[in-house]
Structures are given as structure tokens and as C-alpha cells.
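The data block below is entry_34.tsv; it holds TSV, C-alpha atoms.
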```
chain	number	residue	atom	x	y	z
O	1	MET	CA	8.29	-17.72	38.97
O	2	ASP	CA	6.43	-19.46	36.12
O	3	ILE	CA	2.84	-18.57	35.28
O	4	THR	CA	1.46	-21.62	37.10
O	5	GLY	CA	3.19	-20.62	40.32
O	6	LEU	CA	2.02	-17.03	39.93
O	7	TRP	CA	-1.63	-17.97	39.51
O	8	THR	CA	-1.31	-20.44	42.39
O	9	LEU	CA	-0.12	-17.58	44.57
O	10	GLN	CA	-3.05	-15.40	43.47
O	11	CYS	CA	-5.57	-18.18	44.09
O	12	MET	CA	-4.11	-18.74	47.55
O	13	MET	CA	-4.51	-15.03	48.29
O	14	PHE	CA	-8.09	-15.06	47.00
O	15	LEU	CA	-8.86	-17.97	49.32
O	16	MET	CA	-7.37	-16.15	52.30
O	17	VAL	CA	-9.32	-12.98	51.43
O	18	ALA	CA	-12.53	-15.01	51.08
O	19	THR	CA	-11.83	-16.69	54.42
O	20	GLY	CA	-11.49	-13.33	56.15
O	21	ALA	CA	-14.70	-12.05	54.56
O	22	ILE	CA	-16.68	-15.19	55.46
O	23	LEU	CA	-15.42	-15.27	59.05
O	24	LYS	CA	-16.37	-11.61	59.40
O	25	LYS	CA	-19.82	-12.18	57.90
O	26	ILE	CA	-20.69	-15.11	60.17
O	27	GLY	CA	-19.42	-13.30	63.25
O	28	ILE	CA	-16.37	-15.38	64.18
O	29	LEU	CA	-14.11	-12.40	63.51
O	30	LYS	CA	-15.51	-9.37	65.33
O	31	GLU	CA	-14.99	-5.72	64.42
O	32	GLU	CA	-12.74	-5.23	67.45
O	33	GLY	CA	-10.74	-8.27	66.33
O	34	LYS	CA	-9.75	-6.40	63.19
O	35	GLY	CA	-7.80	-3.88	65.24
O	36	VAL	CA	-6.05	-6.65	67.17
O	37	LEU	CA	-5.13	-8.49	63.98
O	38	THR	CA	-3.91	-5.26	62.38
O	39	ASP	CA	-1.62	-4.56	65.33
O	40	LEU	CA	-0.30	-8.13	65.28
O	41	VAL	CA	0.61	-7.85	61.62
O	42	LEU	CA	2.07	-4.36	61.89
O	43	TYR	CA	3.99	-4.75	65.15
O	44	PHE	CA	5.02	-8.42	65.07
O	45	PHE	CA	4.42	-10.63	62.03
O	46	LEU	CA	5.53	-8.15	59.34
O	47	PRO	CA	8.69	-7.00	61.17
O	48	CYS	CA	9.67	-10.65	61.71
O	49	ASN	CA	9.17	-11.30	58.00
O	50	ILE	CA	11.34	-8.30	57.08
O	51	ILE	CA	14.15	-9.46	59.37
O	52	HIS	CA	13.93	-12.94	57.87
O	53	SER	CA	14.18	-11.51	54.34
O	54	PHE	CA	17.62	-10.05	55.09
O	55	GLN	CA	19.06	-13.48	55.94
O	56	MET	CA	21.16	-14.00	52.82
O	57	GLN	CA	24.80	-13.88	51.74
O	58	PHE	CA	26.06	-10.31	51.64
O	59	ASP	CA	27.93	-8.75	48.73
O	60	VAL	CA	28.55	-5.15	47.67
O	61	SER	CA	26.08	-5.41	44.79
O	62	ILE	CA	23.24	-5.62	47.33
O	63	LEU	CA	24.05	-2.12	48.60
O	64	GLN	CA	24.18	-0.86	45.02
O	65	ARG	CA	20.71	-2.28	44.43
O	66	PHE	CA	19.48	-0.65	47.63
O	67	ALA	CA	20.66	2.73	46.31
O	68	ILE	CA	18.93	2.17	42.96
O	69	ILE	CA	15.68	1.11	44.65
O	70	LEU	CA	15.70	4.12	46.98
O	71	ALA	CA	16.32	6.47	44.05
O	72	ILE	CA	13.42	4.97	42.08
O	73	SER	CA	11.13	5.15	45.11
O	74	LEU	CA	11.99	8.81	45.73
O	75	ILE	CA	11.17	9.65	42.11
O	76	VAL	CA	7.88	7.73	42.33
O	77	GLN	CA	6.86	9.64	45.46
O	78	ALA	CA	7.76	12.96	43.82
O	79	VAL	CA	5.57	12.03	40.84
O	80	CYS	CA	2.73	10.98	43.14
O	81	TYR	CA	2.96	14.27	45.00
O	82	GLY	CA	2.81	16.25	41.75
O	83	MET	CA	-0.17	14.24	40.53
O	84	SER	CA	-2.01	14.71	43.81
O	85	LYS	CA	-1.57	18.48	43.53
O	86	VAL	CA	-2.55	18.80	39.85
O	87	PHE	CA	-5.37	16.25	39.55
O	88	TYR	CA	-8.77	16.19	41.29
O	89	ARG	CA	-9.18	19.98	41.46
O	90	ASN	CA	-12.80	19.86	40.32
O	91	ARG	CA	-13.87	17.33	42.97
O	92	PRO	CA	-15.70	18.23	46.20
O	93	ASP	CA	-13.33	18.99	49.05
O	94	GLY	CA	-14.00	15.81	51.04
O	95	VAL	CA	-13.55	13.60	47.98
O	96	ARG	CA	-10.51	15.52	46.73
O	97	ARG	CA	-8.65	15.05	50.01
O	98	VAL	CA	-9.25	11.31	49.94
O	99	MET	CA	-8.15	11.05	46.30
O	100	ARG	CA	-4.95	12.97	47.03
O	101	TYR	CA	-4.16	10.67	49.94
O	102	CYS	CA	-4.85	7.53	47.91
O	103	THR	CA	-2.49	8.80	45.21
O	104	LEU	CA	0.29	9.40	47.74
O	105	VAL	CA	-0.14	6.32	49.94
O	106	SER	CA	-0.53	2.74	48.77
O	107	ASN	CA	-1.13	-0.52	50.61
O	108	SER	CA	2.47	-1.57	49.93
O	109	GLY	CA	3.15	-2.36	53.58
O	110	PHE	CA	0.34	-4.83	54.29
O	111	LEU	CA	-0.16	-6.16	50.77
O	112	GLY	CA	3.00	-5.33	48.82
O	113	LEU	CA	5.58	-6.97	51.08
O	114	PRO	CA	3.89	-10.40	51.24
O	115	ILE	CA	3.29	-10.35	47.48
O	116	ALA	CA	6.89	-9.32	46.78
O	117	GLU	CA	8.02	-12.28	48.86
O	118	GLY	CA	5.60	-14.64	47.14
O	119	VAL	CA	6.71	-13.59	43.66
O	120	PHE	CA	10.43	-12.91	44.15
O	121	GLY	CA	11.27	-14.77	47.36
O	122	ALA	CA	13.17	-13.38	50.36
O	123	GLU	CA	15.22	-11.11	48.09
O	124	GLY	CA	12.04	-9.49	46.83
O	125	MET	CA	10.81	-8.90	50.38
O	126	MET	CA	14.15	-7.29	51.30
O	127	TYR	CA	14.11	-4.92	48.31
O	128	ALA	CA	10.43	-4.08	48.83
O	129	SER	CA	11.05	-3.14	52.47
O	130	ILE	CA	13.66	-0.64	51.23
O	131	PHE	CA	11.37	0.68	48.46
O	132	ILE	CA	8.55	1.62	50.82
O	133	ILE	CA	10.67	3.75	53.17
O	134	PRO	CA	10.09	7.02	51.19
O	135	MET	CA	6.39	6.17	50.98
O	136	ARG	CA	6.21	5.92	54.77
O	137	VAL	CA	7.84	9.34	55.04
O	138	MET	CA	5.30	10.72	52.59
O	139	MET	CA	2.46	9.05	54.48
O	140	TRP	CA	3.34	10.80	57.74
O	141	SER	CA	3.96	14.19	56.12
O	142	ALA	CA	2.15	15.08	52.89
O	143	GLY	CA	-0.32	12.24	53.42
O	144	ILE	CA	-1.50	13.56	56.78
O	145	ALA	CA	-1.50	17.08	55.30
O	146	CYS	CA	-4.24	15.95	52.89
O	147	PHE	CA	-6.62	15.98	55.87
O	148	THR	CA	-5.03	18.41	58.31
O	149	GLU	CA	-1.87	20.43	58.80
O	150	SER	CA	1.32	18.49	58.16
O	151	PRO	CA	3.35	17.78	61.31
O	152	ASP	CA	6.77	19.37	61.61
O	153	PHE	CA	9.85	17.62	60.23
O	154	LYS	CA	11.01	16.46	63.67
O	155	THR	CA	7.67	14.79	64.38
O	156	VAL	CA	7.65	13.08	60.99
O	157	MET	CA	11.18	11.72	61.42
O	158	LYS	CA	10.36	10.50	64.92
O	159	LYS	CA	7.34	8.57	63.68
O	160	ILE	CA	9.35	7.03	60.84
O	161	ALA	CA	12.40	6.19	62.95
O	162	VAL	CA	10.39	4.20	65.51
O	163	HIS	CA	8.00	2.53	63.06
O	164	PRO	CA	8.22	-1.23	63.75
O	165	CYS	CA	8.82	-2.10	60.09
O	166	ILE	CA	11.62	0.47	59.84
O	167	ILE	CA	13.19	-0.90	63.04
O	168	ALA	CA	13.02	-4.34	61.42
O	169	VAL	CA	14.93	-2.92	58.43
O	170	TYR	CA	17.60	-1.59	60.82
O	171	ILE	CA	17.96	-5.01	62.44
O	172	GLY	CA	17.92	-6.93	59.17
O	173	LEU	CA	20.41	-4.59	57.52
O	174	GLY	CA	22.69	-4.77	60.55
O	175	LEU	CA	22.62	-8.57	60.51
O	176	LEU	CA	23.29	-8.56	56.77
O	177	LEU	CA	26.26	-6.18	56.94
O	178	LEU	CA	27.79	-7.71	60.08
O	179	GLN	CA	27.15	-11.36	59.32
O	180	GLN	CA	30.87	-12.27	59.12
O	181	PRO	CA	32.01	-10.74	62.45
O	182	LEU	CA	28.80	-11.88	64.15
O	183	GLY	CA	29.34	-15.34	62.71
O	184	ALA	CA	32.90	-15.39	64.06
O	185	VAL	CA	31.71	-14.36	67.54
O	186	TYR	CA	28.97	-17.00	67.42
O	187	THR	CA	31.45	-19.72	66.46
O	188	TRP	CA	33.82	-18.70	69.25
O	189	ILE	CA	31.04	-18.73	71.86
O	190	VAL	CA	29.74	-22.14	70.79
O	191	THR	CA	33.18	-23.80	70.58
O	192	SER	CA	34.91	-22.14	73.52
O	193	LEU	CA	32.39	-21.77	76.33
O	194	GLY	CA	31.28	-25.35	76.75
O	195	PRO	CA	27.80	-25.68	78.31
O	196	VAL	CA	27.25	-21.91	78.15
O	197	GLY	CA	28.03	-21.96	74.44
O	198	LEU	CA	25.55	-24.82	73.95
O	199	ILE	CA	22.82	-22.85	75.75
O	200	VAL	CA	23.56	-19.76	73.62
O	201	LYS	CA	23.41	-21.89	70.47
O	202	ILE	CA	20.03	-23.35	71.42
O	203	LEU	CA	18.59	-19.94	72.33
O	204	LEU	CA	19.81	-18.26	69.13
O	205	GLN	CA	18.53	-21.08	66.95
O	206	ALA	CA	15.17	-20.95	68.75
O	207	LEU	CA	15.05	-17.18	68.21
O	208	GLN	CA	15.80	-17.54	64.51
O	209	LYS	CA	13.18	-20.25	64.04
O	210	GLY	CA	10.66	-18.17	66.00
O	211	VAL	CA	11.27	-15.10	63.82
O	212	ASN	CA	11.00	-17.16	60.64
O	213	SER	CA	7.85	-18.91	61.84
O	214	ALA	CA	6.16	-15.64	62.87
O	215	GLY	CA	7.13	-14.06	59.55
O	216	GLY	CA	5.44	-16.92	57.73
O	217	CYS	CA	2.08	-15.83	59.20
O	218	THR	CA	2.22	-12.44	57.46
O	219	THR	CA	0.55	-13.31	54.16
O	220	ALA	CA	-2.37	-15.24	55.66
O	221	CYS	CA	-3.11	-12.57	58.30
O	222	THR	CA	-2.80	-9.74	55.78
O	223	MET	CA	-5.16	-11.34	53.29
O	224	MET	CA	-7.71	-12.11	56.01
O	225	LEU	CA	-7.58	-8.48	57.12
O	226	ILE	CA	-8.34	-7.37	53.58
O	227	GLY	CA	-11.19	-9.87	53.48
O	228	MET	CA	-12.66	-8.41	56.68
O	229	MET	CA	-12.49	-4.97	55.10
O	230	LEU	CA	-14.18	-6.15	51.90
O	231	ALA	CA	-16.99	-7.74	53.92
O	232	GLU	CA	-18.01	-4.30	55.17
O	233	VAL	CA	-18.94	-2.96	51.73
O	234	LYS	CA	-21.95	-4.13	49.71
O	235	PRO	CA	-21.03	-5.20	46.15
O	236	ARG	CA	-23.57	-2.84	44.55
O	237	ASP	CA	-21.99	0.12	46.37
O	238	MET	CA	-18.44	-0.52	45.20
O	239	LEU	CA	-18.60	0.99	41.72
O	240	ASN	CA	-17.74	4.66	41.76
O	241	LYS	CA	-16.28	6.83	39.00
O	242	ASP	CA	-13.74	8.59	41.20
O	243	ALA	CA	-12.75	5.31	42.86
O	244	MET	CA	-12.06	3.92	39.37
O	245	VAL	CA	-9.86	6.97	38.66
O	246	ILE	CA	-7.78	6.21	41.76
O	247	THR	CA	-7.61	2.57	40.74
O	248	LEU	CA	-6.36	3.55	37.28
O	249	VAL	CA	-3.69	5.82	38.76
O	250	ARG	CA	-2.47	3.29	41.30
O	251	LEU	CA	-2.70	0.04	39.33
O	252	VAL	CA	-1.90	1.21	35.79
O	253	ILE	CA	-0.37	4.68	35.41
O	254	LEU	CA	2.23	4.53	38.21
O	255	PRO	CA	3.61	1.04	37.42
O	256	CYS	CA	3.64	1.99	33.70
O	257	LEU	CA	5.81	5.00	34.49
O	258	VAL	CA	8.15	2.91	36.67
O	259	LEU	CA	8.43	0.20	34.03
O	260	ALA	CA	9.20	2.78	31.32
O	261	GLY	CA	11.85	4.39	33.52
O	262	CYS	CA	13.47	1.03	34.29
O	263	ARG	CA	13.58	0.19	30.58
O	264	ILE	CA	15.08	3.59	29.68
O	265	PHE	CA	17.85	3.32	32.28
O	266	GLY	CA	18.54	-0.38	31.71
O	267	ILE	CA	17.31	-1.58	35.10
O	268	SER	CA	16.05	-5.14	34.98
O	269	GLY	CA	15.76	-8.32	37.01
O	270	VAL	CA	14.40	-8.50	40.53
O	271	VAL	CA	15.10	-4.81	41.19
O	272	ALA	CA	12.88	-3.66	38.33
O	273	GLY	CA	10.28	-6.30	39.11
O	274	VAL	CA	9.96	-5.27	42.75
O	275	CYS	CA	9.81	-1.55	41.91
O	276	VAL	CA	7.06	-2.03	39.31
O	277	LEU	CA	5.12	-4.41	41.55
O	278	ILE	CA	5.21	-2.19	44.65
O	279	ALA	CA	4.43	0.94	42.60
O	280	GLY	CA	1.27	-0.84	41.40
O	281	MET	CA	-0.19	-1.56	44.82
O	282	PRO	CA	-3.80	-0.50	45.63
O	283	ALA	CA	-4.82	2.52	47.71
O	284	GLY	CA	-3.70	2.60	51.34
O	285	SER	CA	-6.12	0.98	53.75
O	286	THR	CA	-5.66	3.91	56.16
O	287	ALA	CA	-7.56	6.23	53.79
O	288	PRO	CA	-11.07	5.64	55.20
O	289	ILE	CA	-9.75	5.69	58.78
O	290	LEU	CA	-8.17	9.14	58.38
O	291	ALA	CA	-11.10	10.40	56.31
O	292	SER	CA	-13.48	9.46	59.11
O	293	LYS	CA	-11.26	11.05	61.75
O	294	TYR	CA	-11.05	14.38	59.91
O	295	ASN	CA	-14.68	14.53	58.69
O	296	CYS	CA	-14.02	13.74	55.04
O	297	ASP	CA	-15.88	11.23	52.85
O	298	TYR	CA	-14.79	8.00	54.56
O	299	VAL	CA	-17.35	5.93	52.62
O	300	PHE	CA	-15.67	7.05	49.41
O	301	GLY	CA	-12.31	6.23	50.98
O	302	MET	CA	-13.50	2.69	51.65
O	303	LYS	CA	-14.68	2.37	48.03
O	304	CYS	CA	-11.24	3.45	46.76
O	305	VAL	CA	-9.56	0.82	48.93
O	306	VAL	CA	-12.01	-1.96	48.09
O	307	VAL	CA	-12.15	-1.36	44.31
O	308	SER	CA	-8.40	-0.94	43.90
O	309	THR	CA	-7.68	-3.96	46.12
O	310	LEU	CA	-10.08	-6.21	44.22
O	311	LEU	CA	-8.78	-5.16	40.81
O	312	SER	CA	-5.17	-5.48	42.00
O	313	MET	CA	-5.76	-9.21	42.16
O	314	ILE	CA	-5.98	-9.01	38.36
O	315	SER	CA	-3.37	-6.32	37.72
O	316	ILE	CA	-0.62	-7.83	39.90
O	317	PRO	CA	-0.22	-11.07	37.91
O	318	LEU	CA	-0.46	-9.08	34.67
O	319	TRP	CA	2.43	-6.86	35.78
O	320	CYS	CA	4.43	-9.88	36.86
O	321	MET	CA	3.96	-11.42	33.41
O	322	ALA	CA	4.88	-8.10	31.78
O	323	MET	CA	8.18	-8.10	33.68
```
For the structure just supplied, provide its representation as C-alpha cells.
Amino acid sequence: MDITGLWTLQCMMFLMVATGAILKKIGILKEEGKGVLTDLVLYFFLPCNIIHSFQMQFDVSILQRFAIILAISLIVQAVCYGMSKVFYRNRPDGVRRVMRYCTLVSNSGFLGLPIAEGVFGAEGMMYASIFIIPMRVMMWSAGIACFTESPDFKTVMKKIAVHPCIIAVYIGLGLLLLQQPLGAVYTWIVTSLGPVGLIVKILLQALQKGVNSAGGCTTACTMMLIGMMLAEVKPRDMLNKDAMVITLVRLVILPCLVLAGCRIFGISGVVAGVCVLIAGMPAGSTAPILASKYNCDYVFGMKCVVVSTLLSMISIPLWCMAM
């Protein structure tokens, strides 16, 4: 992507964020509507987009890239866990818990996947959906433990295994790996079963177009959700020293470490670009929700999310240019 296309993408996202904030301010989008829109993105639009991203020609090198991306992601999560344990010791308990969570969990699901697709295309979305798997595991284990006792391993794996975005990865990966035999079966059905084959062809094409169309709604809905969240915080209340520390960790330190590691080990191209980009996502939007639930400083959690999200609109194109 050239610099013009990159800034066009950022401006489009700014417009969508502003639209969400304005619609929230004037009352068209209600507070209860935020939950509905969140569920739509999480359980429908985003999974459809992930499945769509796997629709490409398969070769063995794709699996090799998957392994590299998973390895990088595991290392990133290990580093995040170490940082969350070592840093923030002198902060008040409620603030410290939020800061630890924001270090472990980013907004790579809602924000990272659409941006990866916008910058690197369907291939970028596919790699990003693999990269965030370890982060989801961390979110449901060490992330929850920041506020309460960590659930047992069986509970964590159950939550991850049935997460809609992970199920979408299963489906997309299955379609990618089995595209030749599935293609042969499809051809046989269409050519050999007459009217039945024609009906199957129409239904499958309608299903594919429906998945692709629903996936195309992801970016707009995600940005509007972020805009609704930003509308809830007054501009004068956003600046906070500890929130800036979290922003520095998430938007600068972590992607710097990933970029350095990719350079050292000779990893380049889309793989390196996606890893750096997703590592540099802002704090997870679930931080204030969990902080409120477990009687921590949820206002501070909201500030971390808002400040890091706003500044990511500057850092993301800078990292893309650096790559």
C-alpha cells in the first residue's frame, strides 16, 4: 500500500469513528445499542470476515508462515506477561490491575483485524487472525487473573475453543486446506446431478456472497463502536500519566521489540508487517468493563482505552511506513 492509500484508510476510519461519536451524542445510537452492535461484530460480522480472508490459493508456504506468526505471538505474550508482573508495582491496587490487563490484552480483535485487512488485504486478515489466538488465551487466563482468580485450564480452553472468531479460523483453515477435494466434490455435484446440482450451486454461491458481504461490514461497525466509546469521555478528562504509560507500552515499546526481532531473524514482508501492526494495537476495550465488574478503577480503564485508541490513529500509519 502506498502512502496515499494508507492515509486514505486512516481518514476513512476517522470518519467512521466520528460518525459513531456523533450518533451517540445526538441520541440516535443508544447505550443499549452499543451492546447489540458489539455482539453483531463479535458473533457475526468479524467471523464472516475471517472466513472470507482464508479464501485464497493454498500452498505449503502458508502453513510455514502460520507457524512463524504463532511463534512470534507466543513470544510477544510472554514478554507482555513479564512486563505486567514487573512494572506498575508502585501504583494503587485498582490502577495496577487495570494497567496489567491493558499490557496483556490489546484491541487486536475489534480494531487490529480490520486494519490488517485494510493495509495488507485478505492475506493480512488471515495472518492477523492467527496472530491473536495466543492473546485470546492470555485474555481468558492471566487477563482475568488481573482482577480475580484465574479460571482453571479446562475452563480457559473451553472459552477459547468456542469463541466465534476461533471457530471462524477453524472453518477458514479447513476450507483453505481442503479446497481441492471440496472443489472436486462441488464440480461433480454441479455437473452430475442436474437440477439438484444447479440448486446446490445457487445456494453455495449465495452463501459465499453473503459471508463476503457481511464481512465487509466489519470495519465500519468496529469504528463506530469505538466512536461511541470515545463519546462517553470528556476531552479534558482523557489526559492521564498512567494512561500515557500504557499507551507508550502498547503503541511504541511492543511493536519496537517485534520489529527488532523480525529484523534479527530475517523475517520480512507481510508476515513481519502484520506482526508489528497487531503488536502495536491499543489497550483492550474490555478493560473498563472488567474493572467495573470487579470494583477496580474503571474510569482509569476507559482513559487507557480512549487515549491509546486515539493515538493509535497516528502510530499505526507510522508503523506501516516504517515497515
Please measure the separation of CA of Phe54 in chain O and CA of Glu123 in chain O, giving the value in Å to one decimal.
7.5 Å
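Counting from CA of Cys80 in chain O, the distance to CA of Thr103 in chain O is 6.0 Å.
Take the candidates O:Leu207, O:Ile28, O:Cys11, O:Val41 and check each one against Ile314 in chain O using only C-alpha atoms; the shortest distance goes to O:Cys11.
Straight-line separation from CA of Tyr43 in chain O to CA of Pro164 in chain O: 5.7 Å.
Of the residues under consideration (O:Val249, O:Met238, O:Ile189, O:Ile72), O:Ile72 shows the shortest atom-to-atom contact distance to Ile267 in chain O when counting all atoms listed in the file.
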Selected residue of minimal separation from Glu32 in chain O among O:Leu225, O:Ala122, O:Val137, O:Met13, counting only C-alpha atoms
O:Leu225
Find, counting only C-alpha atoms, the residue in O:Met228, O:Leu15, O:Ala243, O:Ala260 that gets nearest to Val299 in chain O.
O:Ala243
Which residue is closest to Cys165 in chain O? Choose from O:Gly266, O:Gly82, O:Gly109, O:Pro288 and count all atoms listed in the file.
O:Gly109
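Distance annotation: of O:Met223, O:Met56, O:Cys146, O:Leu248, the residue with the minimal separation from Leu37 in chain O is O:Met223; atom set is all atoms listed in the file.
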Spatial neighbours of range 268-280 of chain O, 9 Å, all atoms listed in the file, chain gap at least 5 places, as JSON, numbers by chain:
{"O": [65, 66, 68, 69, 72, 73, 76, 106, 107, 108, 112, 113, 115, 116, 119, 120, 123, 124, 125, 127, 128, 131, 132, 249, 250, 251, 252, 253, 254, 255, 256, 257, 258, 259, 262, 263, 312, 315, 316, 319, 320, 323]}
Write the residues of the selection above to a file with C-alpha atoms, as an mmCIF file, in the frame of the given file.
```cif
data_model
loop_
_atom_site.group_PDB
_atom_site.id
_atom_site.type_symbol
_atom_site.label_atom_id
_atom_site.label_comp_id
_atom_site.auth_asym_id
_atom_site.auth_seq_id
_atom_site.Cartn_x
_atom_site.Cartn_y
_atom_site.Cartn_z
ATOM 1 C CA ARG O 65 20.710 -2.280 44.430
ATOM 2 C CA PHE O 66 19.480 -0.650 47.630
ATOM 3 C CA ILE O 68 18.930 2.170 42.960
ATOM 4 C CA ILE O 69 15.680 1.110 44.650
ATOM 5 C CA ILE O 72 13.420 4.970 42.080
ATOM 6 C CA SER O 73 11.130 5.150 45.110
ATOM 7 C CA VAL O 76 7.880 7.730 42.330
ATOM 8 C CA SER O 106 -0.530 2.740 48.770
ATOM 9 C CA ASN O 107 -1.130 -0.520 50.610
ATOM 10 C CA SER O 108 2.470 -1.570 49.930
ATOM 11 C CA GLY O 112 3.000 -5.330 48.820
ATOM 12 C CA LEU O 113 5.580 -6.970 51.080
ATOM 13 C CA ILE O 115 3.290 -10.350 47.480
ATOM 14 C CA ALA O 116 6.890 -9.320 46.780
ATOM 15 C CA VAL O 119 6.710 -13.590 43.660
ATOM 16 C CA PHE O 120 10.430 -12.910 44.150
ATOM 17 C CA GLU O 123 15.220 -11.110 48.090
ATOM 18 C CA GLY O 124 12.040 -9.490 46.830
ATOM 19 C CA MET O 125 10.810 -8.900 50.380
ATOM 20 C CA TYR O 127 14.110 -4.920 48.310
ATOM 21 C CA ALA O 128 10.430 -4.080 48.830
ATOM 22 C CA PHE O 131 11.370 0.680 48.460
ATOM 23 C CA ILE O 132 8.550 1.620 50.820
ATOM 24 C CA VAL O 249 -3.690 5.820 38.760
ATOM 25 C CA ARG O 250 -2.470 3.290 41.300
ATOM 26 C CA LEU O 251 -2.700 0.040 39.330
ATOM 27 C CA VAL O 252 -1.900 1.210 35.790
ATOM 28 C CA ILE O 253 -0.370 4.680 35.410
ATOM 29 C CA LEU O 254 2.230 4.530 38.210
ATOM 30 C CA PRO O 255 3.610 1.040 37.420
ATOM 31 C CA CYS O 256 3.640 1.990 33.700
ATOM 32 C CA LEU O 257 5.810 5.000 34.490
ATOM 33 C CA VAL O 258 8.150 2.910 36.670
ATOM 34 C CA LEU O 259 8.430 0.200 34.030
ATOM 35 C CA CYS O 262 13.470 1.030 34.290
ATOM 36 C CA ARG O 263 13.580 0.190 30.580
ATOM 37 C CA SER O 312 -5.170 -5.480 42.000
ATOM 38 C CA SER O 315 -3.370 -6.320 37.720
ATOM 39 C CA ILE O 316 -0.620 -7.830 39.900
ATOM 40 C CA TRP O 319 2.430 -6.860 35.780
ATOM 41 C CA CYS O 320 4.430 -9.880 36.860
ATOM 42 C CA MET O 323 8.180 -8.100 33.680
#
```
Got a sec: who's within 12 Å of Met139 in chain O, counting all atoms listed in the file, leaving out chain neighbours fewer than 2 positions off, as a PDB file with C-alpha atoms, in the coordinates of the input?
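As a result, out_5.pdb now contains:
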```
ATOM      1  CA  GLN O  77       6.860   9.640  45.460  1.00  0.00           C
ATOM      2  CA  CYS O  80       2.730  10.980  43.140  1.00  0.00           C
ATOM      3  CA  TYR O  81       2.960  14.270  45.000  1.00  0.00           C
ATOM      4  CA  ARG O 100      -4.950  12.970  47.030  1.00  0.00           C
ATOM      5  CA  TYR O 101      -4.160  10.670  49.940  1.00  0.00           C
ATOM      6  CA  CYS O 102      -4.850   7.530  47.910  1.00  0.00           C
ATOM      7  CA  THR O 103      -2.490   8.800  45.210  1.00  0.00           C
ATOM      8  CA  LEU O 104       0.290   9.400  47.740  1.00  0.00           C
ATOM      9  CA  VAL O 105      -0.140   6.320  49.940  1.00  0.00           C
ATOM     10  CA  SER O 106      -0.530   2.740  48.770  1.00  0.00           C
ATOM     11  CA  ASN O 107      -1.130  -0.520  50.610  1.00  0.00           C
ATOM     12  CA  SER O 108       2.470  -1.570  49.930  1.00  0.00           C
ATOM     13  CA  GLY O 109       3.150  -2.360  53.580  1.00  0.00           C
ATOM     14  CA  ILE O 132       8.550   1.620  50.820  1.00  0.00           C
ATOM     15  CA  ILE O 133      10.670   3.750  53.170  1.00  0.00           C
ATOM     16  CA  PRO O 134      10.090   7.020  51.190  1.00  0.00           C
ATOM     17  CA  MET O 135       6.390   6.170  50.980  1.00  0.00           C
ATOM     18  CA  ARG O 136       6.210   5.920  54.770  1.00  0.00           C
ATOM     19  CA  VAL O 137       7.840   9.340  55.040  1.00  0.00           C
ATOM     20  CA  SER O 141       3.960  14.190  56.120  1.00  0.00           C
ATOM     21  CA  ALA O 142       2.150  15.080  52.890  1.00  0.00           C
ATOM     22  CA  GLY O 143      -0.320  12.240  53.420  1.00  0.00           C
ATOM     23  CA  ILE O 144      -1.500  13.560  56.780  1.00  0.00           C
ATOM     24  CA  ALA O 145      -1.500  17.080  55.300  1.00  0.00           C
ATOM     25  CA  CYS O 146      -4.240  15.950  52.890  1.00  0.00           C
ATOM     26  CA  PHE O 147      -6.620  15.980  55.870  1.00  0.00           C
ATOM     27  CA  SER O 150       1.320  18.490  58.160  1.00  0.00           C
ATOM     28  CA  PRO O 151       3.350  17.780  61.310  1.00  0.00           C
ATOM     29  CA  VAL O 156       7.650  13.080  60.990  1.00  0.00           C
ATOM     30  CA  MET O 157      11.180  11.720  61.420  1.00  0.00           C
ATOM     31  CA  LYS O 159       7.340   8.570  63.680  1.00  0.00           C
ATOM     32  CA  ILE O 160       9.350   7.030  60.840  1.00  0.00           C
ATOM     33  CA  ALA O 283      -4.820   2.520  47.710  1.00  0.00           C
ATOM     34  CA  GLY O 284      -3.700   2.600  51.340  1.00  0.00           C
ATOM     35  CA  SER O 285      -6.120   0.980  53.750  1.00  0.00           C
ATOM     36  CA  THR O 286      -5.660   3.910  56.160  1.00  0.00           C
ATOM     37  CA  ALA O 287      -7.560   6.230  53.790  1.00  0.00           C
ATOM     38  CA  LEU O 290      -8.170   9.140  58.380  1.00  0.00           C
TER      39      LEU O 290
END
```
For the point (-15.1, -8.5, 55.1) in file coordinates, what residues are within 12 Å, counting only C-alpha atoms? Give the answer as number ranges by chain?
O: 16-31, 34, 223-235, 302, 306
